[in-house]
Amino acid sequence: MRFWIFLTGIFLATFAYANRPVLTVYAPDYFVSEWGPGPSIEEAFEKTCGCDLKFSAGDLVPRLILEGSSTEADIVIGLNTDVTKKARETGLFAPHEQSNESLFLPIKWIDNTFLPFNWSYVSFVYDETKISQPPKSFEDLANMKDAKIVIQDPRSSISGLALVLWIKEVYGDKAEEYWSKLAPNILTVTKGWSEAYGLFTSGEAEIVLSFNTSPAYHISAEGDQTKKAAIFDEGHYAYFELVGKLRNSDQPELAEKFMKFVLSNEFQTLIPFTNWSYPAAQDRSNWPEVFGQLPYPKRAYFLNEAKADKMRKKAIEEWRTALSQ
């Protein structure tokens with residue numbers, strides 16, 4: 001009898017688990033990797049939702065455009081302001097219905113569709129054992145004739161796109177001229193961030209395009225104080241990662257619960273040491289000490305999606321022309 005009770009218990013538990021509602025979250029590949037924030041977020045949310053959170057990795061906006069209203073996504077996480085215009089134009093997203101006043105950002109956030117969950121400043125990270133005088137401006141960077149710099153392709157990389165927009169915003173009509181000055185220092189252009197950062201950590205380059213929060217990883221995980229972000233006098237491009245919920249979600253209540261979870265202290269506390277960036281809904285006084293001590297630019301550049309979209313084609317063409325000479 002006890003055996004049958006035991007089997008019945010297993011059956012009922014398995015049945016209950018199999019019939020939990022599923023919340024499907026589209027995310028970038030890095031997000032769901034074992035070293036990304038996805039696994040920790042999944043575990044934390046499932047403890048409170050009575051659901052099965054399933055991440056589906058891949059290119060976000062192209063996938064949404066292809067799937068249209070038939071998309072299985074309930075939530076999309078990992079967008080950024082340089083691509084939200086295309087995402088918004090799909091008509092697939094609903095208002096996030098969260099308070100923007102709960103955010104702690106270097107700018108005032110007014111978007112009611114896409115909600116920031118973390119942020120950082122696009123920066124050049126250098127190895128101080130190889131660079132004794134770090135650049136303090138874009139002009140300094142161009143004048144470092146012996147430094148090998150690795151950047152990412154703006155046509156395939158969000159950080160690479162952020163860089164060309166940053167330079168275009170700083171230099172305006174002289175952006176191509178600046179790229180021509182910087183080009184001799186560029187060792188290579190990689191498709192994505194991981195490849196570029198790997199060249200840097202392997203010692204093949206002294207400077208890499210990354211984020212001002214990247215050194216926090218080396219300090220915390222490796223005890224390495226030699227990797228640092230160069231802070232430019234011009235100011236830095238503020239980079240925000242965003243989450244949105246789908247209008248046609250078949251789990252609207254779970255989607256709403258997840259959006260609230262994003263702003264919770266539990267979610268935000270996971271961000272620094274899994275995504276190596278600043279939490280969007282925590283005051284600086286609540287950041288881990290290593291993040292609070294990182295160099296911090298005095299000025300933030302931010303392009304809304306309309307301006308970024310308008311500048312993108314020209315900025316990329318200037319970059320391409322200068323580097324092909």
# chains A, B, ... in the order shown; residues from 1 in each chain; ligands from 1

$ residues_around --residues "segment 255-259 of chain A" --least-positions-apart "6" --cutoff "10 Å" --atoms "only C-alpha atoms" --output "JSON, numbers by chain"
{"A": [23, 24, 25, 45, 48, 49, 53, 73, 74, 75, 96, 97, 98, 115, 117, 243, 244, 245, 246, 247, 249, 267]}

$ residues_around --residues "Lys130 of chain A" --least-positions-apart "3" --cutoff "9 Å" --atoms "only C-alpha atoms" --output "NGL selection string"
:A and (126-127 or 147 or 206)

$ atom_distance --atom1 "atom CA of Ser157 of chain A" --atom2 "atom CA of Asn118 of chain A"
18.1 Å

$ closest_atom_pairs --of "segment 141-247 of chain A" --to "segment 106-110 of chain A" --cutoff "12 Å" --atoms "only C-alpha atoms" --output "CSV"
residue,atom,partner,partner_atom,distance
A:Gly235,CA,A:Pro106,CA,11.9
A:His236,CA,A:Pro106,CA,11.0
A:Tyr237,CA,A:Pro106,CA,10.7
A:Ala238,CA,A:Pro106,CA,7.9
A:Tyr239,CA,A:Pro106,CA,10.3
A:Phe240,CA,A:Pro106,CA,10.4
A:Leu242,CA,A:Trp109,CA,11.6

$ write_last_selection --atoms "C-alpha atoms" --output "mmCIF file, in the first residue's frame"
data_model
loop_
_atom_site.group_PDB
_atom_site.id
_atom_site.type_symbol
_atom_site.label_atom_id
_atom_site.label_comp_id
_atom_site.auth_asym_id
_atom_site.auth_seq_id
_atom_site.Cartn_x
_atom_site.Cartn_y
_atom_site.Cartn_z
ATOM 1 C CA GLY A 235 31.787 62.086 -21.446
ATOM 2 C CA HIS A 236 30.595 58.568 -22.230
ATOM 3 C CA TYR A 237 27.768 56.881 -24.113
ATOM 4 C CA ALA A 238 25.231 55.554 -21.603
ATOM 5 C CA TYR A 239 24.111 52.055 -22.516
ATOM 6 C CA PHE A 240 20.827 50.700 -21.162
ATOM 7 C CA LEU A 242 15.745 46.882 -21.576
#

$ closest_residue --among "A:Gly203, A:Pro116, A:Gly172, A:Pro184" --to "Asp146 of chain A" --atoms "only C-alpha atoms"
A:Pro184

$ residues_around --residues "segment 306-311 of chain A" --least-positions-apart "2" --cutoff "8 Å" --atoms "only C-alpha atoms" --output "list in words"
Thr81, Asp82, Val83, Lys85, Leu165, Lys168, Leu303, Asn304, Lys313, Lys314 and Ala315 of chain A

$ residues_around --residues "Tyr121 of chain A" --least-positions-apart "6" --cutoff "10 Å" --atoms "only C-alpha atoms" --output "list in words"
Ala162, Ser210, Phe211, Asn212, Thr213, Ser214, Ala229, Ile231, Gly235, His236, Tyr237, Ala238, Tyr239, Phe240, Ser277, Tyr278, Tyr296, Pro297, Ala300 and Tyr301 of chain A

$ residues_around --residues "Asn275 of chain A" --least-positions-apart "3" --cutoff "9 Å" --atoms "only C-alpha atoms" --output "list in words"
Phe31, Trp35, Gly36, Pro37, Asn118, Leu270, Ile271, Pro272 and Tyr278 of chain A

$ select_by_dssp --residues "segment 75-147 of chain A" --states "helix (DSSP H, G or I)" --output "PyMOL selection string"
chain A and resi 84-89+100-102+138-142

$ write_last_selection --atoms "C-alpha atoms" --output "PDB file, in the first residue's frame"
ATOM      1  CA  THR A  84      14.033  49.801 -29.824  1.00  0.00           C
ATOM      2  CA  LYS A  85      12.628  51.874 -32.688  1.00  0.00           C
ATOM      3  CA  LYS A  86      12.435  48.763 -34.858  1.00  0.00           C
ATOM      4  CA  ALA A  87      11.064  46.759 -31.944  1.00  0.00           C
ATOM      5  CA  ARG A  88       8.415  49.379 -31.209  1.00  0.00           C
ATOM      6  CA  GLU A  89       7.380  49.571 -34.853  1.00  0.00           C
ATOM      7  CA  ASN A 100       9.848  55.033 -14.086  1.00  0.00           C
ATOM      8  CA  GLU A 101      10.306  56.998 -10.871  1.00  0.00           C
ATOM      9  CA  SER A 102      11.752  53.877  -9.244  1.00  0.00           C
ATOM     10  CA  PHE A 138      39.273  60.465 -27.942  1.00  0.00           C
ATOM     11  CA  GLU A 139      42.195  62.575 -29.171  1.00  0.00           C
ATOM     12  CA  ASP A 140      44.522  60.881 -26.676  1.00  0.00           C
ATOM     13  CA  LEU A 141      43.297  57.504 -27.930  1.00  0.00           C
ATOM     14  CA  ALA A 142      44.077  58.404 -31.544  1.00  0.00           C
TER      15      ALA A 142
END

$ decode --residues "segment 19-38 of chain A" --atoms "N, CA, C and O atoms" --output "compact mmCIF listing (two decimals), in the first residue's frame"
# COMPACT_ATOMS: atom_id res chain seq x y z
N ASN A 19 2.17 20.66 -15.63
CA ASN A 19 1.06 21.53 -15.97
C ASN A 19 1.21 22.95 -15.44
O ASN A 19 0.25 23.72 -15.46
N ARG A 20 2.39 23.28 -14.97
CA ARG A 20 2.62 24.66 -14.56
C ARG A 20 2.58 25.57 -15.79
O ARG A 20 3.05 25.19 -16.86
N PRO A 21 2.04 26.78 -15.64
CA PRO A 21 2.05 27.69 -16.78
C PRO A 21 3.48 28.07 -17.17
O PRO A 21 4.36 28.15 -16.31
N VAL A 22 3.69 28.27 -18.44
CA VAL A 22 5.03 28.58 -18.97
C VAL A 22 5.11 30.05 -19.37
O VAL A 22 4.24 30.54 -20.11
N LEU A 23 6.12 30.72 -18.88
CA LEU A 23 6.42 32.09 -19.31
C LEU A 23 7.63 32.04 -20.22
O LEU A 23 8.73 31.66 -19.78
N THR A 24 7.44 32.41 -21.48
CA THR A 24 8.53 32.34 -22.46
C THR A 24 9.20 33.69 -22.58
O THR A 24 8.55 34.70 -22.89
N VAL A 25 10.52 33.70 -22.35
CA VAL A 25 11.29 34.94 -22.37
C VAL A 25 12.36 34.84 -23.45
O VAL A 25 13.25 33.99 -23.38
N TYR A 26 12.28 35.71 -24.45
CA TYR A 26 13.33 35.78 -25.46
C TYR A 26 14.48 36.62 -24.90
O TYR A 26 14.26 37.68 -24.31
N ALA A 27 15.70 36.14 -25.10
CA ALA A 27 16.88 36.81 -24.56
C ALA A 27 18.07 36.58 -25.46
O ALA A 27 18.10 35.62 -26.24
N PRO A 28 19.10 37.44 -25.38
CA PRO A 28 20.32 37.21 -26.16
C PRO A 28 21.06 35.97 -25.67
O PRO A 28 20.86 35.51 -24.54
N ASP A 29 21.93 35.44 -26.50
CA ASP A 29 22.68 34.23 -26.15
C ASP A 29 23.45 34.39 -24.85
O ASP A 29 23.45 33.49 -24.00
N TYR A 30 24.15 35.52 -24.68
CA TYR A 30 24.98 35.69 -23.49
C TYR A 30 24.14 35.64 -22.22
O TYR A 30 24.59 35.18 -21.17
N PHE A 31 22.89 36.10 -22.32
CA PHE A 31 22.04 36.24 -21.14
C PHE A 31 21.71 34.89 -20.53
O PHE A 31 21.61 34.76 -19.30
N VAL A 32 21.53 33.88 -21.37
CA VAL A 32 21.09 32.57 -20.89
C VAL A 32 22.26 31.62 -20.68
O VAL A 32 22.05 30.48 -20.26
N SER A 33 23.48 32.07 -20.96
CA SER A 33 24.64 31.21 -20.75
C SER A 33 24.85 30.97 -19.26
O SER A 33 24.31 31.67 -18.42
N GLU A 34 25.67 29.98 -18.92
CA GLU A 34 25.87 29.63 -17.52
C GLU A 34 26.54 30.75 -16.73
O GLU A 34 26.41 30.82 -15.51
N TRP A 35 27.25 31.65 -17.41
CA TRP A 35 27.88 32.77 -16.72
C TRP A 35 27.06 34.06 -16.82
O TRP A 35 27.43 35.08 -16.29
N GLY A 36 25.93 34.00 -17.51
CA GLY A 36 25.05 35.16 -17.63
C GLY A 36 24.03 35.22 -16.51
O GLY A 36 23.96 34.33 -15.64
N PRO A 37 23.18 36.24 -16.51
CA PRO A 37 22.21 36.40 -15.42
C PRO A 37 20.99 35.50 -15.51
O PRO A 37 20.26 35.33 -14.54
N GLY A 38 20.74 34.91 -16.69
CA GLY A 38 19.54 34.13 -16.91
C GLY A 38 19.27 33.03 -15.89
O GLY A 38 18.17 32.96 -15.32
